[in-house]
>>> print(open('structure_12.pdb').read())   # PDB, C-alpha atoms
ATOM      1  CA  MET X   1      93.193 100.081  17.950
ATOM      2  CA  ALA X   2      91.696  96.792  19.047
ATOM      3  CA  ASP X   3      89.620  94.685  16.601
ATOM      4  CA  ILE X   4      86.060  94.048  17.601
ATOM      5  CA  ASN X   5      84.766  90.590  16.490
ATOM      6  CA  ILE X   6      81.210  90.890  15.433
ATOM      7  CA  GLN X   7      79.465  87.462  15.079
ATOM      8  CA  ARG X   8      76.418  87.183  12.895
ATOM      9  CA  LYS X   9      73.335  86.108  14.828
ATOM     10  CA  LYS X  10      72.041  82.683  13.779
ATOM     11  CA  SER X  11      68.488  82.698  12.497
ATOM     12  CA  SER X  12      65.983  80.569  14.485
ATOM     13  CA  PRO X  13      64.060  77.798  12.631
ATOM     14  CA  SER X  14      60.703  78.746  11.149
ATOM     15  CA  PRO X  15      57.757  77.946  13.445
ATOM     16  CA  TRP X  16      55.791  76.500  10.485
ATOM     17  CA  LEU X  17      58.493  73.910   9.948
ATOM     18  CA  LEU X  18      58.153  72.827  13.553
ATOM     19  CA  VAL X  19      54.404  72.596  13.189
ATOM     20  CA  LEU X  20      54.774  70.474  10.039
ATOM     21  CA  LEU X  21      57.213  68.107  11.728
ATOM     22  CA  ALA X  22      54.924  67.772  14.726
ATOM     23  CA  ALA X  23      52.002  66.923  12.427
ATOM     24  CA  VAL X  24      54.038  64.242  10.677
ATOM     25  CA  VAL X  25      55.055  62.705  13.996
ATOM     26  CA  VAL X  26      51.426  62.680  15.191
ATOM     27  CA  ALA X  27      50.246  61.108  11.929
ATOM     28  CA  VAL X  28      52.847  58.337  12.094
ATOM     29  CA  ALA X  29      52.004  57.627  15.720
ATOM     30  CA  ALA X  30      48.296  57.559  14.957
ATOM     31  CA  TYR X  31      48.857  55.118  12.095
ATOM     32  CA  PHE X  32      50.706  52.616  14.285
ATOM     33  CA  PHE X  33      48.339  52.893  17.240
ATOM     34  CA  LEU X  34      45.026  53.023  15.388
ATOM     35  CA  ARG X  35      45.545  50.536  12.531
ATOM     36  CA  PRO X  36      43.379  47.318  12.919
ATOM     37  CA  ASP X  37      45.032  44.260  14.322
ATOM     38  CA  PRO X  38      45.216  41.349  11.786
ATOM     39  CA  ALA X  39      43.643  39.015  14.344
ATOM     40  CA  ASP X  40      40.557  41.243  14.489
ATOM     41  CA  GLU X  41      39.923  41.113  10.748
ATOM     42  CA  PRO X  42      37.040  38.780   9.757
ATOM     43  CA  ALA X  43      38.157  35.503   8.257
ATOM     44  CA  PRO X  44      37.209  34.919   4.618
ATOM     45  CA  PRO X  45      34.116  32.707   4.214
ATOM     46  CA  VAL X  46      34.833  29.008   3.830
ATOM     47  CA  ALA X  47      33.258  27.535   0.740
ATOM     48  CA  THR X  48      30.789  24.781   1.658
ATOM     49  CA  PRO X  49      29.924  21.944  -0.745
ATOM     50  CA  GLU X  50      26.506  23.487  -1.291
ATOM     51  CA  ALA X  51      27.914  26.946  -1.924
ATOM     52  CA  ALA X  52      30.794  25.691  -4.037
ATOM     53  CA  THR X  53      28.597  23.711  -6.369
ATOM     54  CA  PRO X  54      25.074  25.122  -6.205
ATOM     55  CA  ALA X  55      24.064  23.377  -9.383
ATOM     56  CA  THR X  56      24.937  19.917  -8.131
ATOM     57  CA  ALA X  57      22.282  19.821  -5.352
ATOM     58  CA  PRO X  58      19.245  20.067  -7.668
ATOM     59  CA  ASP X  59      20.881  17.641 -10.074
ATOM     60  CA  THR X  60      21.439  15.162  -7.248
ATOM     61  CA  LEU X  61      17.840  15.476  -6.067
ATOM     62  CA  VAL X  62      16.516  14.944  -9.583
ATOM     63  CA  ALA X  63      18.718  11.883 -10.038
ATOM     64  CA  ALA X  64      17.644  10.456  -6.657
ATOM     65  CA  ALA X  65      13.978  11.010  -7.490
ATOM     66  CA  ALA X  66      14.423   9.253 -10.812
ATOM     67  CA  VAL X  67      16.091   6.279  -9.142
ATOM     68  CA  ASP X  68      13.344   6.112  -6.487
ATOM     69  CA  GLN X  69      10.634   6.218  -9.143
ATOM     70  CA  ALA X  70      12.370   3.512 -11.143
ATOM     71  CA  THR X  71      12.628   1.370  -8.004
ATOM     72  CA  ARG X  72       8.931   1.749  -7.256
ATOM     73  CA  ARG X  73       8.047   0.955 -10.859
ATOM     74  CA  ALA X  74      10.198  -2.185 -10.774
ATOM     75  CA  ALA X  75       8.507  -3.277  -7.538
ATOM     76  CA  ILE X  76       5.063  -2.757  -9.062
ATOM     77  CA  ASP X  77       6.024  -4.611 -12.227
ATOM     78  CA  ALA X  78       7.301  -7.506 -10.130
ATOM     79  CA  ILE X  79       3.856  -8.086  -8.580
ATOM     80  CA  PRO X  80       2.225 -11.057 -10.334
ATOM     81  CA  GLN X  81      -0.807  -9.947 -12.259
ATOM     82  CA  GLY X  82      -4.027 -11.956 -12.144
ATOM     83  CA  ASP X  83      -5.288 -13.885 -15.128
ATOM     84  CA  THR X  84      -7.763 -11.689 -16.991
ATOM     85  CA  THR X  85      -9.274 -14.610 -18.894
ATOM     86  CA  GLN X  86     -12.294 -15.765 -16.964
ATOM     87  CA  ASP X  87     -12.403 -19.332 -18.315
ATOM     88  CA  ALA X  88      -9.122 -20.991 -17.365
ATOM     89  CA  GLY X  89      -8.381 -18.834 -14.345
ATOM     90  CA  SER X  90     -11.856 -19.111 -12.789
ATOM     91  CA  THR X  91     -12.139 -22.868 -13.399
ATOM     92  CA  GLU X  92      -8.796 -23.444 -11.697
ATOM     93  CA  THR X  93      -9.834 -21.248  -8.772
ATOM     94  CA  ALA X  94     -13.129 -23.098  -8.399
ATOM     95  CA  ALA X  95     -11.191 -26.358  -8.266
ATOM     96  CA  SER X  96      -8.940 -25.009  -5.523
ATOM     97  CA  LEU X  97     -12.021 -23.992  -3.550
ATOM     98  CA  ALA X  98     -13.369 -27.522  -3.810
ATOM     99  CA  THR X  99     -10.014 -28.876  -2.621
ATOM    100  CA  GLN X 100     -10.043 -26.504   0.344
ATOM    101  CA  ALA X 101     -13.613 -27.481   1.237
ATOM    102  CA  ALA X 102     -12.744 -31.208   1.110
ATOM    103  CA  SER X 103      -9.836 -30.831   3.547
ATOM    104  CA  ASP X 104     -10.057 -31.486   7.301
ATOM    105  CA  PRO X 105     -12.707 -29.160   8.809
ATOM    106  CA  ALA X 106     -11.100 -29.548  12.236
ATOM    107  CA  ALA X 107      -7.819 -28.080  11.021
ATOM    108  CA  PRO X 108      -6.858 -24.679  12.444
ATOM    109  CA  ASP X 109      -8.298 -21.790  10.387
ATOM    110  CA  TYR X 110     -10.093 -24.190   8.038
ATOM    111  CA  ALA X 111     -13.233 -22.043   7.865
ATOM    112  CA  ARG X 112     -11.298 -18.750   7.868
ATOM    113  CA  ASN X 113      -9.083 -19.806   4.955
ATOM    114  CA  GLY X 114     -12.062 -21.086   3.004
ATOM    115  CA  LEU X 115     -13.950 -17.834   3.537
ATOM    116  CA  GLN X 116     -10.969 -15.757   2.446
ATOM    117  CA  LYS X 117     -10.555 -17.766  -0.763
ATOM    118  CA  LEU X 118     -14.280 -17.558  -1.477
ATOM    119  CA  THR X 119     -14.179 -13.797  -1.026
ATOM    120  CA  GLY X 120     -11.286 -13.387  -3.463
ATOM    121  CA  VAL X 121     -12.938 -15.488  -6.174
ATOM    122  CA  LEU X 122     -16.377 -13.910  -5.864
ATOM    123  CA  VAL X 123     -15.049 -10.343  -5.828
ATOM    124  CA  SER X 124     -13.097 -11.022  -9.028
ATOM    125  CA  LEU X 125     -16.203 -12.498 -10.689
ATOM    126  CA  THR X 126     -18.161  -9.296 -10.094
ATOM    127  CA  ASP X 127     -15.900  -7.518 -12.599
ATOM    128  CA  ARG X 128     -17.376  -9.504 -15.459
ATOM    129  CA  ASP X 129     -19.660  -7.567 -17.782
ATOM    130  CA  ASP X 130     -22.417 -10.162 -17.619
ATOM    131  CA  LEU X 131     -22.486 -10.061 -13.810
ATOM    132  CA  ARG X 132     -21.948  -6.367 -13.143
ATOM    133  CA  ASP X 133     -25.003  -4.442 -11.974
ATOM    134  CA  PRO X 134     -25.956  -2.279  -8.942
ATOM    135  CA  THR X 135     -27.251  -5.217  -6.892
ATOM    136  CA  THR X 136     -24.125  -7.299  -7.487
ATOM    137  CA  THR X 137     -21.917  -4.319  -6.676
ATOM    138  CA  GLU X 138     -23.807  -3.698  -3.435
ATOM    139  CA  GLN X 139     -23.487  -7.334  -2.361
ATOM    140  CA  ARG X 140     -19.786  -7.315  -3.263
ATOM    141  CA  ASP X 141     -19.235  -4.264  -1.054
ATOM    142  CA  ASN X 142     -21.096  -6.006   1.773
ATOM    143  CA  LEU X 143     -18.789  -9.003   1.414
ATOM    144  CA  THR X 144     -15.570  -7.006   1.428
ATOM    145  CA  SER X 145     -16.788  -5.085   4.464
ATOM    146  CA  ALA X 146     -17.791  -8.263   6.323
ATOM    147  CA  THR X 147     -14.421  -9.912   5.692
ATOM    148  CA  ALA X 148     -12.198  -6.873   6.179
ATOM    149  CA  ARG X 149     -11.161  -7.971   9.690
ATOM    150  CA  LEU X 150     -10.770 -11.700   9.229
ATOM    151  CA  GLY X 151      -7.139 -11.433  10.289
ATOM    152  CA  GLU X 152      -8.063 -10.166  13.739
ATOM    153  CA  PRO X 153      -8.391 -12.740  16.547
ATOM    154  CA  ASN X 154     -11.839 -13.784  17.779
ATOM    155  CA  THR X 155     -13.542 -12.349  14.706
ATOM    156  CA  SER X 156     -16.858 -14.036  13.926
ATOM    157  CA  LEU X 157     -17.020 -15.604  10.468
ATOM    158  CA  ARG X 158     -20.820 -15.579  10.313
ATOM    159  CA  PRO X 159     -21.167 -12.099   8.672
ATOM    160  CA  GLY X 160     -18.729 -13.217   5.978
ATOM    161  CA  PHE X 161     -20.659 -16.438   5.277
ATOM    162  CA  VAL X 162     -23.939 -14.521   5.071
ATOM    163  CA  ALA X 163     -22.379 -11.969   2.682
ATOM    164  CA  VAL X 164     -20.980 -14.794   0.499
ATOM    165  CA  ALA X 165     -24.417 -16.342   0.191
ATOM    166  CA  GLY X 166     -25.954 -12.957  -0.619
ATOM    167  CA  LEU X 167     -23.451 -12.262  -3.402
ATOM    168  CA  ILE X 168     -23.847 -15.740  -4.906
ATOM    169  CA  ARG X 169     -27.621 -15.286  -4.984
ATOM    170  CA  ALA X 170     -27.277 -11.830  -6.588
ATOM    171  CA  MET X 171     -25.075 -13.245  -9.356
ATOM    172  CA  GLN X 172     -27.432 -16.210  -9.754
ATOM    173  CA  GLN X 173     -30.404 -13.879 -10.188
ATOM    174  CA  LYS X 174     -28.426 -11.831 -12.722
ATOM    175  CA  ALA X 175     -27.502 -14.608 -15.162
ATOM    176  CA  TYR X 176     -27.892 -18.144 -13.721
ATOM    177  CA  PRO X 177     -31.533 -19.109 -13.137
ATOM    178  CA  GLU X 178     -30.585 -22.784 -12.890
ATOM    179  CA  LEU X 179     -28.682 -22.025  -9.670
ATOM    180  CA  GLU X 180     -31.714 -20.662  -7.838
ATOM    181  CA  GLU X 181     -32.198 -23.686  -5.583
ATOM    182  CA  GLN X 182     -28.501 -23.864  -4.658
ATOM    183  CA  ALA X 183     -28.318 -20.129  -3.995
ATOM    184  CA  ASN X 184     -31.368 -20.194  -1.736
ATOM    185  CA  ALA X 185     -29.981 -23.208   0.130
ATOM    186  CA  LEU X 186     -26.717 -21.314   0.737
ATOM    187  CA  VAL X 187     -28.582 -18.308   2.104
ATOM    188  CA  SER X 188     -30.527 -20.557   4.465
ATOM    189  CA  LEU X 189     -27.417 -22.444   5.591
ATOM    190  CA  ALA X 190     -25.456 -19.238   6.162
ATOM    191  CA  GLY X 191     -28.150 -18.054   8.550
ATOM    192  CA  GLN X 192     -27.676 -21.200  10.642
ATOM    193  CA  LEU X 193     -23.888 -20.915  11.007
ATOM    194  CA  SER X 194     -22.476 -19.742  14.312
ATOM    195  CA  GLY X 195     -19.306 -18.361  12.776
ATOM    196  CA  ARG X 196     -17.156 -20.567  15.019
ATOM    197  CA  SER X 197     -15.414 -23.935  14.707
ATOM    198  CA  ALA X 198     -15.319 -25.034  18.316
ATOM    199  CA  THR X 199     -17.515 -28.132  18.070
ATOM    200  CA  ALA X 200     -17.713 -31.014  15.621
ATOM    201  CA  ALA X 201     -21.205 -29.898  14.588
ATOM    202  CA  GLU X 202     -19.957 -26.389  13.762
ATOM    203  CA  GLN X 203     -17.081 -27.836  11.787
ATOM    204  CA  ARG X 204     -19.454 -30.024   9.736
ATOM    205  CA  GLN X 205     -21.698 -27.028   9.011
ATOM    206  CA  ASN X 206     -18.742 -24.942   7.892
ATOM    207  CA  GLN X 207     -17.587 -27.718   5.565
ATOM    208  CA  GLN X 208     -21.090 -28.153   4.147
ATOM    209  CA  PHE X 209     -21.324 -24.445   3.368
ATOM    210  CA  LEU X 210     -17.864 -24.236   1.778
ATOM    211  CA  THR X 211     -18.553 -27.342  -0.330
ATOM    212  CA  GLN X 212     -21.852 -26.000  -1.665
ATOM    213  CA  ALA X 213     -20.343 -22.540  -2.246
ATOM    214  CA  ALA X 214     -17.449 -24.060  -4.216
ATOM    215  CA  ALA X 215     -19.933 -25.957  -6.396
ATOM    216  CA  ALA X 216     -21.853 -22.746  -7.079
ATOM    217  CA  VAL X 217     -18.646 -20.869  -7.907
ATOM    218  CA  ARG X 218     -17.714 -23.558 -10.431
ATOM    219  CA  VAL X 219     -20.934 -22.811 -12.341
ATOM    220  CA  LEU X 220     -20.612 -19.029 -11.926
ATOM    221  CA  SER X 221     -17.071 -19.175 -13.305
ATOM    222  CA  GLU X 222     -18.387 -20.253 -16.697
ATOM    223  CA  PRO X 223     -19.758 -17.177 -18.507
ATOM    224  CA  LYS X 224     -23.075 -17.566 -20.244
ATOM    225  CA  GLN X 225     -22.856 -17.867 -24.014
TER
END
>>> encode(input="structure_12.pdb", output="structure tokens")
Amino acid sequence: MADINIQRKKSSPSPWLLVLLAAVVVAVAAYFFLRPDPADEPAPPVATPEAATPATAPDTLVAAAAVDQATRRAAIDAIPQGDTTQDAGSTETAASLATQAASDPAAPDYARNGLQKLTGVLVSLTDRDDLRDPTTTEQRDNLTSATARLGEPNTSLRPGFVAVAGLIRAMQQKAYPELEEQANALVSLAGQLSGRSATAAEQRQNQQFLTQAAAAVRVLSEPKQ
């Protein structure tokens, strides 16, 4: 009797295993295809000097401000301060006015320089307690206004001369009755000036005015006892 070989049928793989393997393959493929490229990632922020040391900027500004303030203070302190004593300083200034008046009246800017010096001396005298009053202050303001543009070309000097005479008379009326004749003469002479120095006659008039004004300033520079 012949032998019949019976082979056992091999079992087929479970469908769930195939599904699981397929899912793994899809996940791996998705990871490699969908992961971000390193070149597309944003670069880390670069630290700037301001961001790295935020506290140093205010400190630097404060230090710079302190240095600037110290520089300005040193510049102010370096400016020569005027002599606050009326005796010596005013007498010396009156002498310099007389020297200016006695110089050559035909020299360039002779009258302009004399008027500028007169203005400086008279304005400083109005700060004295014995000369300060509303009338003197008003005449001082008139003088500073009349001489504000002396540096400009072709500026007439006549308004400045008239204002000088007005201020001298105001100070004379305040405390110097003995100067009444001189003050009135200055007012009259100032009204006759042309404000120019083109002719010899104009130059002589300018010198006469500056000489008389310097003499009046010498007296005004000596405070009344």
>>> resolve_selection(input="structure_12.pdb", expression="the PyMOL selection byres ((chain X and resi 101-108) around 12)", output="PyMOL selection string")
chain X and resi 94-100+109-115+117-118+196-215
>>> atom_distance(input="structure_12.pdb", atom1="CA of Asn184 in chain X", atom2="CA of Ala170 in chain X")
10.5 Å
>>> residues_around(input="structure_12.pdb", residues="Leu179 in chain X", least_positions_apart="6", cutoff="9 Å", atoms="all atoms listed in the file", output="list of chain:residue names")
X:Arg169, X:Gln172, X:Gln173, X:Ala216, X:Val219, X:Leu220
>>> write_last_selection(input="structure_12.pdb", atoms="C-alpha atoms", output="PDB file, keeping the file's coordinate frame")
ATOM      1  CA  ARG X 169     -27.621 -15.286  -4.984  1.00  0.00           C
ATOM      2  CA  GLN X 172     -27.432 -16.210  -9.754  1.00  0.00           C
ATOM      3  CA  GLN X 173     -30.404 -13.879 -10.188  1.00  0.00           C
ATOM      4  CA  ALA X 216     -21.853 -22.746  -7.079  1.00  0.00           C
ATOM      5  CA  VAL X 219     -20.934 -22.811 -12.341  1.00  0.00           C
ATOM      6  CA  LEU X 220     -20.612 -19.029 -11.926  1.00  0.00           C
TER       7      LEU X 220
END
>>> resolve_selection(input="structure_12.pdb", expression="the PyMOL selection byres ((chain X and resi 136) around 7)", output="list of chain:residue names")
X:Thr126, X:Arg132, X:Asp133, X:Pro134, X:Thr135, X:Thr137, X:Glu138, X:Gln139, X:Arg140, X:Leu167, X:Ala170, X:Met171
>>> write_last_selection(input="structure_12.pdb", atoms="C-alpha atoms", output="PDB file, keeping the file's coordinate frame")
ATOM      1  CA  THR X 126     -18.161  -9.296 -10.094  1.00  0.00           C
ATOM      2  CA  ARG X 132     -21.948  -6.367 -13.143  1.00  0.00           C
ATOM      3  CA  ASP X 133     -25.003  -4.442 -11.974  1.00  0.00           C
ATOM      4  CA  PRO X 134     -25.956  -2.279  -8.942  1.00  0.00           C
ATOM      5  CA  THR X 135     -27.251  -5.217  -6.892  1.00  0.00           C
ATOM      6  CA  THR X 137     -21.917  -4.319  -6.676  1.00  0.00           C
ATOM      7  CA  GLU X 138     -23.807  -3.698  -3.435  1.00  0.00           C
ATOM      8  CA  GLN X 139     -23.487  -7.334  -2.361  1.00  0.00           C
ATOM      9  CA  ARG X 140     -19.786  -7.315  -3.263  1.00  0.00           C
ATOM     10  CA  LEU X 167     -23.451 -12.262  -3.402  1.00  0.00           C
ATOM     11  CA  ALA X 170     -27.277 -11.830  -6.588  1.00  0.00           C
ATOM     12  CA  MET X 171     -25.075 -13.245  -9.356  1.00  0.00           C
TER      13      MET X 171
END
>>> closest_residue(input="structure_12.pdb", among="X:Leu131, X:Ala183, X:Val19, X:Leu150", to="Lys224 in chain X", atoms="all atoms listed in the file")
X:Leu131
>>> atom_distance(input="structure_12.pdb", atom1="CA of Gln192 in chain X", atom2="CA of Pro177 in chain X")
24.2 Å
>>> atom_distance(input="structure_12.pdb", atom1="CA of Ser194 in chain X", atom2="CA of Ser156 in chain X")
8.0 Å
>>> build_atoms(input="structure_12.pdb", residues="range 114-125 of chain X", atoms="all heavy atoms", output="PDB file, in the frame of the given file")
ATOM      1  N   GLY X 114     -11.063 -20.872   4.044  1.00  0.00           N
ATOM      2  CA  GLY X 114     -12.062 -21.086   3.004  1.00  0.00           C
ATOM      3  C   GLY X 114     -12.846 -19.827   2.697  1.00  0.00           C
ATOM      4  O   GLY X 114     -13.127 -19.521   1.528  1.00  0.00           O
ATOM      5  N   LEU X 115     -13.200 -19.073   3.739  1.00  0.00           N
ATOM      6  CA  LEU X 115     -13.950 -17.834   3.537  1.00  0.00           C
ATOM      7  C   LEU X 115     -13.115 -16.795   2.795  1.00  0.00           C
ATOM      8  O   LEU X 115     -13.628 -16.079   1.919  1.00  0.00           O
ATOM      9  CB  LEU X 115     -14.410 -17.292   4.888  1.00  0.00           C
ATOM     10  CG  LEU X 115     -15.215 -15.989   4.864  1.00  0.00           C
ATOM     11  CD1 LEU X 115     -16.435 -16.113   3.969  1.00  0.00           C
ATOM     12  CD2 LEU X 115     -15.614 -15.592   6.291  1.00  0.00           C
ATOM     13  N   GLN X 116     -11.842 -16.715   3.129  1.00  0.00           N
ATOM     14  CA  GLN X 116     -10.969 -15.757   2.446  1.00  0.00           C
ATOM     15  C   GLN X 116     -10.830 -16.092   0.961  1.00  0.00           C
ATOM     16  O   GLN X 116     -10.871 -15.201   0.102  1.00  0.00           O
ATOM     17  CB  GLN X 116      -9.596 -15.735   3.120  1.00  0.00           C
ATOM     18  CG  GLN X 116      -9.589 -15.048   4.483  1.00  0.00           C
ATOM     19  CD  GLN X 116      -8.243 -15.131   5.166  1.00  0.00           C
ATOM     20  OE1 GLN X 116      -7.484 -16.101   4.985  1.00  0.00           O
ATOM     21  NE2 GLN X 116      -7.919 -14.140   5.975  1.00  0.00           N
ATOM     22  N   LYS X 117     -10.671 -17.377   0.638  1.00  0.00           N
ATOM     23  CA  LYS X 117     -10.555 -17.766  -0.763  1.00  0.00           C
ATOM     24  C   LYS X 117     -11.860 -17.511  -1.506  1.00  0.00           C
ATOM     25  O   LYS X 117     -11.858 -17.041  -2.654  1.00  0.00           O
ATOM     26  CB  LYS X 117     -10.163 -19.239  -0.857  1.00  0.00           C
ATOM     27  CG  LYS X 117      -8.740 -19.523  -0.399  1.00  0.00           C
ATOM     28  CD  LYS X 117      -8.390 -20.993  -0.557  1.00  0.00           C
ATOM     29  CE  LYS X 117      -6.965 -21.268  -0.110  1.00  0.00           C
ATOM     30  NZ  LYS X 117      -6.587 -22.696  -0.272  1.00  0.00           N
ATOM     31  N   LEU X 118     -12.980 -17.828  -0.866  1.00  0.00           N
ATOM     32  CA  LEU X 118     -14.280 -17.558  -1.477  1.00  0.00           C
ATOM     33  C   LEU X 118     -14.445 -16.069  -1.775  1.00  0.00           C
ATOM     34  O   LEU X 118     -14.919 -15.677  -2.860  1.00  0.00           O
ATOM     35  CB  LEU X 118     -15.395 -18.015  -0.541  1.00  0.00           C
ATOM     36  CG  LEU X 118     -16.000 -19.396  -0.776  1.00  0.00           C
ATOM     37  CD1 LEU X 118     -17.010 -19.704   0.315  1.00  0.00           C
ATOM     38  CD2 LEU X 118     -16.654 -19.478  -2.149  1.00  0.00           C
ATOM     39  N   THR X 119     -14.052 -15.240  -0.845  1.00  0.00           N
ATOM     40  CA  THR X 119     -14.179 -13.797  -1.026  1.00  0.00           C
ATOM     41  C   THR X 119     -13.376 -13.329  -2.229  1.00  0.00           C
ATOM     42  O   THR X 119     -13.862 -12.548  -3.065  1.00  0.00           O
ATOM     43  CB  THR X 119     -13.705 -13.056   0.240  1.00  0.00           C
ATOM     44  OG1 THR X 119     -14.511 -13.464   1.348  1.00  0.00           O
ATOM     45  CG2 THR X 119     -13.807 -11.560   0.064  1.00  0.00           C
ATOM     46  N   GLY X 120     -12.121 -13.809  -2.338  1.00  0.00           N
ATOM     47  CA  GLY X 120     -11.286 -13.387  -3.463  1.00  0.00           C
ATOM     48  C   GLY X 120     -11.873 -13.778  -4.809  1.00  0.00           C
ATOM     49  O   GLY X 120     -11.884 -12.980  -5.758  1.00  0.00           O
ATOM     50  N   VAL X 121     -12.384 -15.009  -4.907  1.00  0.00           N
ATOM     51  CA  VAL X 121     -12.938 -15.488  -6.174  1.00  0.00           C
ATOM     52  C   VAL X 121     -14.205 -14.729  -6.537  1.00  0.00           C
ATOM     53  O   VAL X 121     -14.382 -14.266  -7.676  1.00  0.00           O
ATOM     54  CB  VAL X 121     -13.220 -16.999  -6.095  1.00  0.00           C
ATOM     55  CG1 VAL X 121     -13.928 -17.469  -7.357  1.00  0.00           C
ATOM     56  CG2 VAL X 121     -11.932 -17.770  -5.889  1.00  0.00           C
ATOM     57  N   LEU X 122     -15.107 -14.569  -5.576  1.00  0.00           N
ATOM     58  CA  LEU X 122     -16.377 -13.910  -5.864  1.00  0.00           C
ATOM     59  C   LEU X 122     -16.198 -12.434  -6.209  1.00  0.00           C
ATOM     60  O   LEU X 122     -16.872 -11.907  -7.106  1.00  0.00           O
ATOM     61  CB  LEU X 122     -17.315 -14.058  -4.668  1.00  0.00           C
ATOM     62  CG  LEU X 122     -17.816 -15.485  -4.394  1.00  0.00           C
ATOM     63  CD1 LEU X 122     -18.597 -15.538  -3.087  1.00  0.00           C
ATOM     64  CD2 LEU X 122     -18.689 -15.971  -5.558  1.00  0.00           C
ATOM     65  N   VAL X 123     -15.301 -11.761  -5.522  1.00  0.00           N
ATOM     66  CA  VAL X 123     -15.049 -10.343  -5.828  1.00  0.00           C
ATOM     67  C   VAL X 123     -14.507 -10.189  -7.251  1.00  0.00           C
ATOM     68  O   VAL X 123     -14.890  -9.272  -7.981  1.00  0.00           O
ATOM     69  CB  VAL X 123     -14.084  -9.733  -4.798  1.00  0.00           C
ATOM     70  CG1 VAL X 123     -13.593  -8.362  -5.250  1.00  0.00           C
ATOM     71  CG2 VAL X 123     -14.772  -9.608  -3.440  1.00  0.00           C
ATOM     72  N   SER X 124     -13.634 -11.102  -7.660  1.00  0.00           N
ATOM     73  CA  SER X 124     -13.097 -11.022  -9.028  1.00  0.00           C
ATOM     74  C   SER X 124     -14.183 -11.310 -10.070  1.00  0.00           C
ATOM     75  O   SER X 124     -14.187 -10.724 -11.150  1.00  0.00           O
ATOM     76  CB  SER X 124     -11.930 -11.999  -9.195  1.00  0.00           C
ATOM     77  OG  SER X 124     -12.366 -13.340  -9.093  1.00  0.00           O
ATOM     78  N   LEU X 125     -15.130 -12.186  -9.746  1.00  0.00           N
ATOM     79  CA  LEU X 125     -16.203 -12.498 -10.689  1.00  0.00           C
ATOM     80  C   LEU X 125     -17.124 -11.302 -10.921  1.00  0.00           C
ATOM     81  O   LEU X 125     -17.711 -11.165 -12.002  1.00  0.00           O
ATOM     82  CB  LEU X 125     -17.022 -13.689 -10.185  1.00  0.00           C
ATOM     83  CG  LEU X 125     -16.362 -15.069 -10.250  1.00  0.00           C
ATOM     84  CD1 LEU X 125     -17.271 -16.127  -9.625  1.00  0.00           C
ATOM     85  CD2 LEU X 125     -16.029 -15.444 -11.685  1.00  0.00           C
TER      86      LEU X 125
END
